[in-house]
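Notes to accompany the following structure.
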Protein chains: 4
Amino acid sequence: MSDAAAVLEAVEVGLEKKRSVPEKPPERLTARRDAAHATVVRVGDVAIGGGVPVVIAGPCSVESREQLLAAAQGVKAAGATLLRGGAYKPRTSPYDFQGLGLEALLILREVSERTGLPVVSEVMSTEDIEVVSDNVDMLQVGARNMQNFALLRRLGKVRRPVLLKRNPAATVKEWLLAAEYILAGGNDQVVLCERGIRSYDPELRNTFDIGGMVLAKTMTHLPVIADPSHATGRRDLVPAVSRAALAAGADGLIVEVHPHPDRALSDGAQSLNIEDFAAMMQDLPVTVG
Amino acid sequence: MSDAAAVLEAVEVGLEKKRSVPEKPPERLTARRDAAHATVVRVGDVAIGGGVPVVIAGPCSVESREQLLAAAQGVKAAGATLLRGGAYKPRTSPYDFQGLGLEALLILREVSERTGLPVVSEVMSTEDIEVVSDNVDMLQVGARNMQNFALLRRLGKVRRPVLLKRNPAATVKEWLLAAEYILAGGNDQVVLCERGIRSYDPELRNTFDIGGMVLAKTMTHLPVIADPSHATGRRDLVPAVSRAALAAGADGLIVEVHPHPDRALSDGAQSLNIEDFAAMMQDLPVTVG
Amino acid sequence: MSDAAAVLEAVEVGLEKKRSVPEKPPERLTARRDAAHATVVRVGDVAIGGGVPVVIAGPCSVESREQLLAAAQGVKAAGATLLRGGAYKPRTSPYDFQGLGLEALLILREVSERTGLPVVSEVMSTEDIEVVSDNVDMLQVGARNMQNFALLRRLGKVRRPVLLKRNPAATVKEWLLAAEYILAGGNDQVVLCERGIRSYDPELRNTFDIGGMVLAKTMTHLPVIADPSHATGRRDLVPAVSRAALAAGADGLIVEVHPHPDRALSDGAQSLNIEDFAAMMQDLPVTVG
Amino acid sequence: MSDAAAVLEAVEVGLEKKRSVPEKPPERLTARRDAAHATVVRVGDVAIGGGVPVVIAGPCSVESREQLLAAAQGVKAAGATLLRGGAYKPRTSPYDFQGLGLEALLILREVSERTGLPVVSEVMSTEDIEVVSDNVDMLQVGARNMQNFALLRRLGKVRRPVLLKRNPAATVKEWLLAAEYILAGGNDQVVLCERGIRSYDPELRNTFDIGGMVLAKTMTHLPVIADPSHATGRRDLVPAVSRAALAAGADGLIVEVHPHPDRALSDGAQSLNIEDFAAMMQDLPVTVG
């Protein structure tokens with residue numbers, strides 16, 4: 001048999017297998033069976049989805065050890081139990097600040113150890129999964145990557161909880177199917193995050209889809225949290241939208257907080273300072289922890 | 001002077017006057033001066049915007065005296081203080097049920113007298129303003145008519161409070177400018193109502209814009225209420241979205257309630273029955289009244 | 001029988017009649033039976049929908065006799081066969097120029113007589129139908145009034161062709177059902193106009209929905225024209241979008257042209273001057289007339 | 001110096017470098033200097049952007065050698081000069097057909113050699129870039145990956161032209177900035193493709209944004225083509241939208257064509273059969289080649 005013929009035969013065998021669609025479980029893995037069906041996702045010793053909402057807070061980007069430590073200590077004192085901070089930043093323009101990368105991860109680990117707060121940070125590429133996993137407690141998939149299926153498949157094989165943000169043009173069903181990729185790979189530690197859909201109103205960065213968030217809760221057993229910072233783009237609206245999300249049943253919040261929002265390298269306009277964050281935490285309609 | 005010349009001269013005089021733009025107040029009449037600036041709108045003896053949120057409830061359409069009376073007694077017992085009911089119904093198709101018109105207005109008045117609940121009902125046309133005003137306590141401008149400027153101008157001259165729904169494609173600024181037409185005419189008794197913007201998600205009738213509602217509150221002294229029924233199109237989502245709106249600072253709710261939603265002539269899928277409405281009222285994050 | 005009892009009895013009789021939904025024809029009156037089914041709408045001696053696309057052009061607002069006459073002579077020389085000009089202007093703010101009203105109608109009639117161009121102008125309210133009908137050849141329903149059902153019903157009784165603009169948040173089906181109100185009233189001289197749907201892109205005033213325009217053509221026998229001026233909000237994009245619309249099968253265009261766009265009282269940024277309009281007319285992909 | 005101290009010192013050095021934003025060229029690399037500034041992208045011996053629009057056609061997915069060969073021969077006979085065919089398919093659900101992968105690439109290469117048509121196929125992940133580049137002539141970035149910045153950066157280093165689809169919620173500016181990532185990496189052989197933005201109208205899969213396509217042409221020197229298949233989701237609308245795009249100045253089309261659309265494993269509803277594609281090609285408003 002010639003080489004070419006051998007390749008063609010191998011092709012035919014591969015084709016036969018791949019032409020059939022992947023095996024489908026009798027029910028979607030993300031589907032909620034009944035009102036009592038709820039998955040608890042554990043990040044360090046924090047439980048998300050266990051009935052008591054959690055608050056994740058911290059700066060958009062890690063900018064320095066001083067900045068992250070000040071943010072972490074501030075949000076912890078105010079009642080947050082998880083720390084956020086971006087190391088790899090997806091930016092619309094290649095000429096914007098792109099994040100501190102590995103250095104940021106090392107800072108996140110150090111600050112996590114000093115404060116005891118588990119840490120969540122974004123992973124933008126399959127190639128970064130390992131180094132991010134080695135340094136943080138929860139891996140975030142950003143809104144722009146919600147349907148980066150190569151990334152989702154790989155996260156199905158990782159032993160780290162995943163925070164999956166909704167794409168600003170995704171339906172709730174598409175969002176749950178993105179999570180399905182991760183669960184189908186074997187990782188059921190997935191938290192969904194509503195962060196606003198595309199808005200036509202120039203006054204708002206996005207439209208926080210409270211109805212979609214509630215709908216998602218009825219459709220899946222996975223925890224669903226809210227990101228009021230990206231959803232509005234304006235720090236003055238963050239407290240009210242946070243209260244709304246919790247009153248509607250969100251399993252938590254992820255809030256951008258910066259010691260000095262006006263000096264932030266990214267997302268300053270939507271970041272609360274520590275004082276305003278602490279005031280907001282005093283005024284939530286439910287107990288968080 | 002010939003007739004034609006006289007007409008032309010009159011035209012010139014009119015032109016001179018009209019070519020200039022209307023006089024503008026130093027500040028928009030709808031603009032909030034500071035955080036303490038809040039207009040209270042009175043409907044019968046109910047105050048909207050006075051700090052304690054109100055709940056308006058009732059059927060989409062008035063269908064019969066029995067139906068409206070049952071709805072009114074049910075929602076009153078559950079804590080609603082205003083009754084809604086459509087007499088003139090804006091319907092996408094000319095072949096759908098169009099409302100009972102004058103008969104519905106008479107039923108609304110009768111039921112209002114029997115229950116003591118003030119009544120709000122939609123007015124679709126300048127020609128109906130008088131008859132609707134004669135029979136109900138508050139005039140609603142529907143979402144489709146938010147920029148029916150002839151109607152808005154006329155409502156500026158009416159001694160009845162107005163409930164102005166946001167159009168599903170309007171920015172917050174456009175919504176407030178629609179209210180400005182009414183205030184500029186001399187009527188400052190205007191309540192704004194967020195009822196959802198156009199959604200691309202087929203699972204939801206609209207996207208409830210909680211951020212836009214909160215933004216509106218920061219921009220105007222007028223009360224802002226929420227319509228969770230139209231905003232979702234699904235009765236199972238109404239309680240959570242109602243809680244969200246009140247937690248975010250809404251001055252009230254307007255909720256569709258029908259004694260028998262499955263027999264409703266319009267909007268049955270988004271109407272609560274009286275029992276579910278009463279349960280929802282028990283579970284609000286703030287005190288209403 | 002007491003007066004009250006008589007009223008109640010009358011109510012019951014009225015109820016019985018109104019509770020039933022309106023009679024529905026076996027097929028929608030706007031529905032296209034087959035590819036050959038096309039209604040020709042006549043405006044003066046111009047035929048819209050007869051196979052040869054028409055071009056309607058003129059200023060957003062009538063501002064003076066000189067302005068309208070210059071515009072009319074310019075667009076006629078360039079090949080337009082119908083004149084547009086606003087007399088009653090729907091404006092987002094009550095403090096913007098509101099149109100010259102009756103004076104503008106008289107100017108439209110005079111200029112129409114001098115140039116031989118039939119005229120189309122917007123009617124914003126049922127109360128203006130008579131005076132506008134007396135002075136212009138075609139009545140326009142603006143995008144904001146697409147679901148002003150009181151206005152649509154009344155236009156079903158008028159002996160004037162109607163230009164029905166699509167609302168920027170309406171589906172194609174909702175748009176056709178708005179036309180159905182006019183046809184159901186007895187007036188089948190309706191032309192549909194796609195003028196862009198709400199856009200999230202701040203660079204564009206609206207998103208011209210070419211797919212929706214083509215879809216409408218497959219669903220109805222009524223003519224469908226395009227408004228590239230409102231659809232883009234930018235005069236530099238008007239020629240290309242005009243070519244697109246005609247290449248896709250539009251029955252015509254309505255284009256804003258002003259002798260001095262930079263001095264226009266409204267919509268200057270999207271108005272072509274006469275020279276650019278004439279250049280555009282030389283470069284269309286089909287013959288118009 | 002201890003290990004920990006050494007790490008920290010290295011961190012500080014890295015931080016200093018990364019905290020500053022990337023160097024920015026005086027003008028964006030994608031920006032058009034003037035109306036004559038146009039980049040020609042070469043795929044095999046086909047030029048895109050050189051004034052004569054091109055037509056890329058073929059099936060959504062490669063399903064078998066017979067299917068692809070029939071499609072390729074059919075579209076070539078009708079006038080297409082490039083072949084499309086998906087090997088790695090981004091699918092909303094993990095349980096849908098995911099593409100034949102490597103086998104599809106081998107088939108694409110074989111059919112390309114037999115027909116002489118250069119081939120474009122999607123690359124979903126940085127890890128697939130090499131194998132896809134080895135077998136096809138142009139790499140497509142799908143709409144869902146438009147802001148997969150890790151992928152874009154890597155494509156900046158590849159010696160293959162790139163077809164960059166617009167995300168259905170991206171502004172034109174965001175789309176061009178995504179291309180900027182590729183150009184900033186050193187690869188200026190980028191073709192942009194408008195394929196429709198998210199629609200609220202259930203009758204259409206997407207809204208083809210003809211205005212955005214024209215706007216993009218005014219802003220960049222890169223070629224811009226149109227995908228009428230995804231933009232509508234309905235094969236009956238594809239010919240009219242194709243004509244519109246070309247009349248508006250598109251540098252080409254990419255059209256889904258399948259020998260037997262009703263048996264297609266993906267996107268059958270929007271695929272033309274060969275006969276209808278050939279008919280469409282006879283009726284374009286400009287010469288293609």
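Starting from 1 in every chain, residues are counted up; chains themselves are A, B, ... following the order of the structure tokens, and ligands are numbered from 1 as listed.
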For the interface of chain B with chain A (cut-off 7 Å, counting only C-alpha atoms), please tabulate each contacting residue of chain B alongside its nearest pair of atoms and their separation in Å to one decimal, rows sorted by chain and increasing number, as a Markdown table.
| residue | atom | partner | partner_atom | distance |
| --- | --- | --- | --- | --- |
| B:Thr171 | CA | A:Asp201 | CA | 5.2 |
| B:Asp201 | CA | A:Thr171 | CA | 5.2 |
| B:Thr207 | CA | A:Asp209 | CA | 6.2 |
| B:Phe208 | CA | A:Gly211 | CA | 6.2 |
| B:Asp209 | CA | A:Thr207 | CA | 6.2 |
| B:Ile210 | CA | A:Phe208 | CA | 6.6 |
| B:Gly211 | CA | A:Phe208 | CA | 6.2 |
| B:Val214 | CA | A:Leu237 | CA | 6.8 |
| B:Leu215 | CA | A:Leu237 | CA | 7.0 |
| B:Thr232 | CA | A:Gly211 | CA | 6.4 |
| B:Leu237 | CA | A:Val214 | CA | 6.8 |
| B:Ala240 | CA | A:Ala248 | CA | 4.5 |
| B:Val241 | CA | A:Ala248 | CA | 6.1 |
| B:Arg243 | CA | A:Ala247 | CA | 5.6 |
| B:Ala244 | CA | A:Ala244 | CA | 3.9 |
| B:Ala245 | CA | A:Ala244 | CA | 6.2 |
| B:Ala247 | CA | A:Ala244 | CA | 5.2 |
| B:Ala248 | CA | A:Ala240 | CA | 4.5 |
| B:Pro285 | CA | A:Pro285 | CA | 6.7 |
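Within 10 Å of Asn135 in chain A, once only C-alpha atoms are used and residues closer than 3 positions along the same chain are dropped, the contacting residues are Leu102, Ala104, Leu105, Leu106, Ile107, Leu108, Arg109, Glu110, Ser112, Val119, Val120, Ser121, Glu130, Val131, Val132 and Met138 of chain A.
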Item to complete: Identify all residues of range 10-143 of chain C in strand (DSSP E or B) (DSSP on the backbone) and supply them as a PyMOL selection string.
Response: chain C and resi 31+41-43+46-48+54-58+61+82-84+86+119-122+138-141
Fill in: All alpha helix (DSSP H) positions in range 29-217 of chain D, as number ranges by chain
D: 65-78, 102-115, 129-135, 149-155, 172-184, 210-217
Worksheet item: Contacts of range 65-81 of chain B at 7 Å or less, counting only C-alpha atoms, minus same-chain residues fewer than 5 places along, as JSON, numbers by chain?
Response: {"B": [54, 55, 56, 57, 58, 59, 107, 111, 115, 117, 257, 258, 259, 274, 278, 281, 289]}
